[in-house]
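Colleague: Following this message is one structure expressed as structure tokens.
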Amino acid sequence: MTEPILAVEALVKRFGGFTAVDKVSFKVEKGEILGLIGPNGSGKSTIFNMVSGALKPTEGSVRFKGKEIGGNLPNRICHAGIGRTFQIPRPIHRLSVLENIVVAGFYGQDGIGSRKAAFEAAEQALDLVGLPTDPHARVSTLGAAGLKKLELARALATGPELLLADESLGGLDNSEMDQAADMLKRIRTEMGITIIWVEHIMGVLMRVVDRVMVLDHGEKISEGLPSEVAHDPNVIEVYLGTDSEDAQASAASGAASGTAL
Amino acid sequence: MKKFLPYAIGLVMISVPFIGTPQYPLHLMIVILIWSMVYTSWSLMGRFGLVSLGHGAFMTVGAYVTALLWNYGGISPWIGIPASLLTAAALAFIVAYPCFQFRIIGHYFALVTLALSEVVRLIIMATRDYTGGSLGFTPNREGDGTSLYALQFADKETFYLVVLGGWALSLLIWKLVDRSMMRYALDAISEDEESSAAAGIYVTRTKLKITVLSAMMTALGGAFYCQYQMFVAPDVVGGIGISLQIIFAVVVGGIYTWMGPTIGAIITIMMTEIFRNIITDLRTEGIDLAGLDTTVYGLMLVLFIIFLPKGVLGELLDRLAGGRAKKQAPATQPADSG
């Protein structure tokens, strides 16, 4: 078996006396889509922020393609080949849609060197997510779904090998959610990008991911195939809550019900 | 037609000293050009939300380092000015690097630079044995007052051409920055440092670059000022007063357009001249209105920030663009295809 693209070991993050992430370890194989789920405050975003460099781990190691990257600066990690999106889209309003992506294309691939290459990378990324490449399109004209696509395009323009998608599809309607899920699938198959997908809605995610990891209170409580995890009593108890039968059914069937669990 | 307009204006500006322009207007134009250069340099970083209240310090460094090296070391401004620019760059780096590293942004950054303004002024005061303190400092005249070696020109005509070049250089740099990728990066950084870093932008490095560039160009303005006036005092090129004056002029002219700071310089310097005349006239009649100009400036600054945040030129360009867009009939709404 080849080396995993990302290996996280005994990762810990403490904020003062509060342990947000407690000794979490996991591996991501090249080319797979790993779903990362858990209730609000379970530590998903904290793990994300540690992998992408926005937060420094208190303890533990993050190895990307065999190299330790834990505690590196976000721009370095981006250059190394990890792209990320933010849960709440954070576009630059002063720049046009195209410019938002161009800047990521130019600086994200450290040493891409030329404006032309950056513009090409940007147009490619916009095409892929289905946003107009019109240089005059303003960010203010985008709706919620458009902004999420912009986030995704910006991450893709940096030329990642691993994409951290903080998707959180809340606020999108069912068809938009399906679209977003299909897009991630396409990114994996067409571009060969490995993806970690964070979400708290289970339905859509279960249909797309290869494996799921479930967090609760900063600890990993389950990991495995979507069908296994959905039937894991631990998960049902702490994650799916009291309404377990319904929720379990919806999760297992992969229906894009959009029920926030 | 439109294409040749800038060249025509440039030609007219170059010809000014050769067509017998009287001394007073020529003097005003030189002063306006020097300050335009300083204001443009400030706006290099100011337009990206890096509001510095410390640019008086860089101007002071430019003026004093050049003049002190000349008087005490006999070092020609041809070397003294580059030395003063390097000093300003070093000073900018020393102040800005910790700020950017520790994410001191917005108002807090402005406060740190405000302190810089005062520190440099106080250093000039404390070393009054050499610098003359608040009484000011006069560079030694070389020969009959005109010397290329000393960069001193008794006639205003030559100096006009020198500062015209400096001003053009500051505009050129503004344009080059505006067209570079760095402009996108700085726009991104000014709105969201975290997401910019996630997109691979070197946040600290990029901010440092523009700050150092802005500081050096401001120092060059300070050096020109001192070479022209042959006199410099801490309150004339530095301190909080000058630092605020810089911001005021840029806000009035327009912070986001390349000619904005120049328009700001023209407006504010003409106003100062008019006020000076009014105050002098009234004083002969026994009415003392010293401080009137400052009061009006303060009032204007408030009004501009509320009603014309883009400045005179920015607003004007917006209106022109708006009118043109309307004429081009139904503006195409870029739709969100999502």
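FYI, nothing fancy with the structure tokens labels: chains A, B, ... in order, residues from 1 per chain, ligands from 1 as they appear.
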What are the residues of chain A that have an atom within 6 Å of an atom of chain B, counting only C-alpha atoms, as a list in words?
Modeller: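 Selected residues: Pro74, Asn75, Cys78, Ile92, Ala104, Tyr107, Gly108, Ala137, Leu142, Ala145 and Gly146 of chain A.
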Colleague: As a list in words, please: the residues near B:Gly62 (cut-off 8 Å, only C-alpha atoms, same-chain neighbours under 5 positions excluded).
Modeller: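 Returned residues: Ile81, Ser84, Leu85, Ala88, Thr218, Ala219, Leu220, Gly221, Gly222 and Ala223 of chain B.
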Colleague: Run DSSP on the backbone and grab whatever in stretch 87-232 of chain B lands in helix (DSSP H, G or I); send it over as an NGL selection string.
Modeller: :B and (87-101 or 107-126 or 128-131 or 133-135 or 156-179 or 181-191 or 193-198 or 203-229)
Colleague: May I have the residues within 6 Å of A:Gly35 as JSON, numbers by chain, using only C-alpha atoms and disregarding those fewer than 6 positions away in the same chain?
Modeller: {"A": [196, 197, 209, 212]}
Colleague: Now that the selection is made, can you save its residues with C-alpha atoms as a compact mmCIF listing (two decimals), in the first residue's frame?
Modeller:
# COMPACT_ATOMS: atom_id res chain seq x y z
CA ILE A 196 -11.84 16.03 2.76
CA TRP A 197 -15.40 17.22 3.00
CA VAL A 209 -17.92 10.07 0.05
CA VAL A 212 -16.71 8.89 6.78
Colleague: As an exercise, work out the distance from atom CA of B:Tyr108 to atom CA of B:Gly264 in Å and give it to one decimal place.
Modeller: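 Computing the Euclidean distance for atom CA of B:Tyr108 and atom CA of B:Gly264 yields 25.7 Å.
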Colleague: Can you tell me which residues surround stretch 29-34 of chain A at a distance of at most 10 Å, considering only C-alpha atoms, apart from same-chain residues fewer than 5 positions away, and format the answer as a VMD selection string?
Modeller: chain A and resid 1 to 7 65 161 to 164 184 to 185 188 to 189 191 to 198 205 208 to 213 223 to 226
